[in-house]
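What follows is a set of notes on a single structure, which appears directly below.
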Amino acid sequence: MNELLKSIEPAVNPNVPHLDPGDIVSVHAKIKEGTRERVQEFKGTVLFTHNNGSNSSFTVRRIASNGVGVERTFLTRSPRLEKVVIDRHSKVRRARLYYLRGRTGKSARLKQRF
Amino acid sequence: MLKGLIGKKIGMTQIFDEDGAAIPITLIEAGPCYVTQVRTQERDGYAAVQMGFSEVKPKRLTGGTLGHLKKNELPPLRFLREFRVKDLDVAEGDVLKADVFAVGERVDVIGTSKGRGFAGAVKRYGFAGGPKTHGQSDRQRAPGSRGSGTTPGRVFKGARGPGHMGNVRVTSQHLKVELVDAERNLVGVRGAVPGPRGRMVLIKEARKQ
């Protein structure tokens, strides 16, 4: 890619570690409520990562309190990401875990990878 | 101050603003632009500034152009373009850098769109084409009817159909300046700009402020 273009792109976010699909993560993202800013935690499974330079992103799925699945996509280099903590890795055989969307409860579990 | 620059489209990317929102950016290398000639109301009948951009080897230019630039001791320049101005505040030989624009201002970017050659009506005007199934053959990208029948018995002028597409002058209006780097002469505008990467574009103050 063009060097000039590269030089203005946002740098790699040091607060985001390398993520793999199946990782159980908690994402601490800054959100704005009116004038106040606070950090919101979003905990769930990484469904897939999209690695594309400054446009890289990852999608996290969690089951909300009423049993409804919620997916959120974060831009990996976003300055809004305060911290991303990996709780554990999972043994998965796919790069994109779309099959988790159709599953709930026991069948939606993933085996831990150490 | 004269609000105009000649530049080269570098490409698109995205940056984050202070709130952390991603902004799509087109990066333009705009400058250094040299004032090669000043046209005045008295002498030329209109007021304008001729500017030059992109240094090249002297052998790439004709002797006439070289002599024209030599008058003000300017380097050989590939592009010369005029910008109309209301009041002249620059002199021949001046150098303009990217900082004639400031972050937050609105600009128009003029360029030549990518040429698509002789294109069909589906690509050129977004026609739907014909059905894919039910026994159709050779109709998938056909334009269909171009007009009525016996009355008027002809196709009206200007009816949309296949033809040459692209490679025309296009203006992207009212783009917000999101980034200015005077040192490296970079201007970043929000959104897309006509033409492929590497093509010359003109940046002007927005007509519709």
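Within each chain, counting starts at residue 1; across the structure tokens, chains are named A, B, ... in the order shown, with ligands numbered 1 upward in that order.
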Give me the residues near stretch 23-28 of chain A as a ChimeraX atom specification, where near means some atom within 12 Å (using only C-alpha atoms) and where sequence neighbours in that chain fewer than 5 positions away do not count.
/A:15-18,38-49,58-62,72-76,78-92,95-97,109-114
Please report, as JSON lines, each residue of stretch 104-200 of chain B lying at most 12 Å from stretch 10-14 of chain B, together with the nearest pair of atoms and the separation in Å rounded to one decimal; use only C-alpha atoms, and order rows by chain and ascending residue number.
{"residue": "B:Glu178", "atom": "CA", "partner": "B:Gln14", "partner_atom": "CA", "distance": 10.7}
{"residue": "B:Leu179", "atom": "CA", "partner": "B:Gln14", "partner_atom": "CA", "distance": 11.3}
{"residue": "B:Asn185", "atom": "CA", "partner": "B:Ile10", "partner_atom": "CA", "distance": 11.8}
{"residue": "B:Leu186", "atom": "CA", "partner": "B:Ile10", "partner_atom": "CA", "distance": 9.4}
{"residue": "B:Val187", "atom": "CA", "partner": "B:Ile10", "partner_atom": "CA", "distance": 10.0}
{"residue": "B:Gly188", "atom": "CA", "partner": "B:Met12", "partner_atom": "CA", "distance": 9.0}
{"residue": "B:Val189", "atom": "CA", "partner": "B:Met12", "partner_atom": "CA", "distance": 9.5}
{"residue": "B:Arg190", "atom": "CA", "partner": "B:Gln14", "partner_atom": "CA", "distance": 9.2}
{"residue": "B:Gly191", "atom": "CA", "partner": "B:Met12", "partner_atom": "CA", "distance": 8.4}
{"residue": "B:Ala192", "atom": "CA", "partner": "B:Met12", "partner_atom": "CA", "distance": 7.6}
{"residue": "B:Val193", "atom": "CA", "partner": "B:Met12", "partner_atom": "CA", "distance": 9.1}
{"residue": "B:Pro194", "atom": "CA", "partner": "B:Gly11", "partner_atom": "CA", "distance": 10.9}
{"residue": "B:Gly195", "atom": "CA", "partner": "B:Gly11", "partner_atom": "CA", "distance": 10.1}
{"residue": "B:Pro196", "atom": "CA", "partner": "B:Gly11", "partner_atom": "CA", "distance": 8.2}
{"residue": "B:Arg197", "atom": "CA", "partner": "B:Ile10", "partner_atom": "CA", "distance": 5.4}
{"residue": "B:Gly198", "atom": "CA", "partner": "B:Ile10", "partner_atom": "CA", "distance": 5.7}
{"residue": "B:Arg199", "atom": "CA", "partner": "B:Ile10", "partner_atom": "CA", "distance": 8.3}
{"residue": "B:Met200", "atom": "CA", "partner": "B:Ile10", "partner_atom": "CA", "distance": 9.7}
Enumerate as a ChimeraX atom specification the residues belonging to chain A that approach chain B to within 8 Å, with only C-alpha atoms taken into account.
/A:2,4-5,8-10,54-55,78-80
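One distance worth recording is that between atom CA of B:Gly7 and atom CA of B:Val100, which is 12.9 Å.
Distance annotation: of A:Arg93, A:Arg36, A:Arg101, A:His50, the residue with the minimal separation from A:Val70 is A:Arg101; atom set is only C-alpha atoms.
Taking atom CA of B:Phe101 and atom CA of B:Glu205 as endpoints, the distance between them is 8.5 Å.
Residues in contact range of B:Gln140, defined as at most 8 Å between only C-alpha atoms, with sequence neighbours fewer than 5 positions away removed, read Gly129, Gly130, Pro131 and Lys132 of chain B.
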Select from chain A everything DSSP, run on the backbone, classes as strand (DSSP E), then give the selection as an MDAnalysis selection string.
chainID A and resid 24:33 36:50 57:63 69:75 81:91 111:113
List the spatial neighbours of stretch 72-82 of chain B as an MDAnalysis selection string - criterion: any atom at most 12 Å away, only C-alpha atoms, same-chain residues fewer than 5 positions off excluded.
chainID B and resid 2 4:8 31:39 46:67 91:95 110 199:204
Can you write just those residues out, C-alpha atoms, as a compact mmCIF listing (two decimals), in the first residue's frame?
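Result written to selection-v5.txt:
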# COMPACT_ATOMS: atom_id res chain seq x y z
CA LEU B 2 -6.91 32.06 -2.66
CA GLY B 4 -7.67 26.33 -4.51
CA LEU B 5 -5.10 23.62 -5.05
CA ILE B 6 -4.12 21.06 -7.64
CA GLY B 7 -3.46 17.61 -6.22
CA LYS B 8 -3.04 13.94 -6.82
CA GLY B 31 1.01 20.80 -3.47
CA PRO B 32 3.38 22.46 -3.55
CA CYS B 33 1.37 24.49 -6.06
CA TYR B 34 3.17 27.34 -7.80
CA VAL B 35 1.45 30.48 -9.03
CA THR B 36 2.54 30.49 -12.65
CA GLN B 37 0.53 33.42 -13.95
CA VAL B 38 -1.92 36.01 -12.70
CA ARG B 39 -4.71 37.14 -14.97
CA TYR B 46 -11.21 38.36 -16.04
CA ALA B 47 -9.38 37.75 -12.79
CA ALA B 48 -7.81 34.36 -12.28
CA VAL B 49 -4.74 32.65 -11.00
CA GLN B 50 -2.93 30.02 -13.03
CA MET B 51 -1.32 27.41 -10.87
CA GLY B 52 1.05 24.56 -11.59
CA PHE B 53 1.61 21.25 -9.86
CA SER B 54 3.73 18.10 -10.08
CA GLU B 55 7.39 18.57 -10.96
CA VAL B 56 8.65 16.63 -13.96
CA LYS B 57 11.81 16.30 -16.00
CA PRO B 58 12.26 19.28 -18.33
CA LYS B 59 12.29 17.01 -21.39
CA ARG B 60 8.67 16.02 -20.69
CA LEU B 61 7.45 19.52 -21.51
CA THR B 62 7.42 21.55 -24.69
CA GLY B 63 9.73 24.49 -25.11
CA GLY B 64 6.82 26.91 -24.94
CA THR B 65 5.67 25.66 -21.54
CA LEU B 66 9.23 25.67 -20.22
CA GLY B 67 9.70 29.28 -21.34
CA ALA B 91 1.83 37.12 -6.95
CA GLU B 92 3.48 35.13 -9.71
CA GLY B 93 6.08 32.77 -8.28
CA ASP B 94 4.27 32.24 -4.97
CA VAL B 95 4.07 28.73 -3.55
CA ILE B 110 -13.09 18.08 -9.24
CA ARG B 199 -5.08 10.98 -11.11
CA MET B 200 -4.99 14.76 -10.86
CA VAL B 201 -7.81 16.46 -8.95
CA LEU B 202 -8.65 20.09 -8.24
CA ILE B 203 -9.67 21.21 -4.75
CA LYS B 204 -11.72 24.38 -4.46
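Across the model, the gap from atom CA of B:Gly163 to atom CA of B:Gly120 is 6.6 Å.
Here the question is which of B:Asp99, B:Asp89, B:Glu42, B:Glu105 gets nearest to B:Gln209 using only C-alpha atoms, and that residue is B:Glu105.
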Per DSSP on the backbone, filter stretch 22-204 of chain B down to the residues in alpha helix (DSSP H) and report them as a PyMOL selection string.
chain B and resi 41-44+63-70+121-125
Please produce a file of the residues just selected, as an mmCIF file, in the first residue's frame, where the atoms kept are N, CA, C and O atoms.
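part_34.cif, freshly written:
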data_model
loop_
_atom_site.group_PDB
_atom_site.id
_atom_site.type_symbol
_atom_site.label_atom_id
_atom_site.label_comp_id
_atom_site.auth_asym_id
_atom_site.auth_seq_id
_atom_site.Cartn_x
_atom_site.Cartn_y
_atom_site.Cartn_z
ATOM 1 N N GLN B 41 -8.300 41.675 -14.507
ATOM 2 C CA GLN B 41 -9.469 42.213 -15.198
ATOM 3 C C GLN B 41 -9.034 43.150 -16.327
ATOM 4 O O GLN B 41 -9.566 43.091 -17.429
ATOM 5 N N GLU B 42 -8.044 44.001 -16.036
ATOM 6 C CA GLU B 42 -7.643 45.019 -16.999
ATOM 7 C C GLU B 42 -7.029 44.390 -18.246
ATOM 8 O O GLU B 42 -7.394 44.708 -19.374
ATOM 9 N N ARG B 43 -6.111 43.451 -18.030
ATOM 10 C CA ARG B 43 -5.367 42.923 -19.158
ATOM 11 C C ARG B 43 -6.106 41.788 -19.867
ATOM 12 O O ARG B 43 -6.147 41.708 -21.083
ATOM 13 N N ASP B 44 -6.703 40.882 -19.079
ATOM 14 C CA ASP B 44 -7.265 39.670 -19.665
ATOM 15 C C ASP B 44 -8.787 39.654 -19.705
ATOM 16 O O ASP B 44 -9.381 38.772 -20.309
ATOM 17 N N GLY B 63 8.931 23.292 -25.320
ATOM 18 C CA GLY B 63 9.730 24.489 -25.109
ATOM 19 C C GLY B 63 8.898 25.683 -24.701
ATOM 20 O O GLY B 63 9.308 26.486 -23.872
ATOM 21 N N GLY B 64 7.686 25.786 -25.259
ATOM 22 C CA GLY B 64 6.818 26.909 -24.935
ATOM 23 C C GLY B 64 6.433 26.924 -23.471
ATOM 24 O O GLY B 64 6.489 27.955 -22.795
ATOM 25 N N THR B 65 6.054 25.751 -22.950
ATOM 26 C CA THR B 65 5.669 25.665 -21.545
ATOM 27 C C THR B 65 6.859 25.966 -20.643
ATOM 28 O O THR B 65 6.733 26.656 -19.632
ATOM 29 N N LEU B 66 8.028 25.439 -21.032
ATOM 30 C CA LEU B 66 9.229 25.668 -20.225
ATOM 31 C C LEU B 66 9.546 27.159 -20.151
ATOM 32 O O LEU B 66 9.878 27.689 -19.098
ATOM 33 N N GLY B 67 9.423 27.839 -21.304
ATOM 34 C CA GLY B 67 9.697 29.276 -21.342
ATOM 35 C C GLY B 67 8.716 30.047 -20.477
ATOM 36 O O GLY B 67 9.088 30.973 -19.763
ATOM 37 N N HIS B 68 7.441 29.600 -20.508
ATOM 38 C CA HIS B 68 6.401 30.239 -19.706
ATOM 39 C C HIS B 68 6.726 30.130 -18.226
ATOM 40 O O HIS B 68 6.569 31.082 -17.454
ATOM 41 N N LEU B 69 7.228 28.962 -17.801
ATOM 42 C CA LEU B 69 7.564 28.759 -16.399
ATOM 43 C C LEU B 69 8.861 29.466 -16.027
ATOM 44 O O LEU B 69 9.036 29.941 -14.907
ATOM 45 N N LYS B 70 9.763 29.536 -16.987
ATOM 46 C CA LYS B 70 11.071 30.145 -16.758
ATOM 47 C C LYS B 70 10.931 31.622 -16.367
ATOM 48 O O LYS B 70 11.729 32.144 -15.596
ATOM 49 N N ALA B 121 -26.605 -0.670 -20.875
ATOM 50 C CA ALA B 121 -27.550 0.129 -20.097
ATOM 51 C C ALA B 121 -27.656 -0.357 -18.656
ATOM 52 O O ALA B 121 -28.042 0.399 -17.772
ATOM 53 N N VAL B 122 -27.322 -1.622 -18.405
ATOM 54 C CA VAL B 122 -27.395 -2.133 -17.033
ATOM 55 C C VAL B 122 -26.333 -1.462 -16.177
ATOM 56 O O VAL B 122 -26.610 -0.944 -15.096
ATOM 57 N N LYS B 123 -25.092 -1.421 -16.671
ATOM 58 C CA LYS B 123 -24.021 -0.786 -15.914
ATOM 59 C C LYS B 123 -24.175 0.739 -15.915
ATOM 60 O O LYS B 123 -23.993 1.395 -14.914
ATOM 61 N N ARG B 124 -24.576 1.285 -17.072
ATOM 62 C CA ARG B 124 -24.534 2.732 -17.236
ATOM 63 C C ARG B 124 -25.688 3.429 -16.525
ATOM 64 O O ARG B 124 -25.518 4.503 -15.958
ATOM 65 N N TYR B 125 -26.866 2.862 -16.600
ATOM 66 C CA TYR B 125 -28.026 3.526 -16.008
ATOM 67 C C TYR B 125 -28.744 2.684 -14.962
ATOM 68 O O TYR B 125 -29.833 3.046 -14.517
#
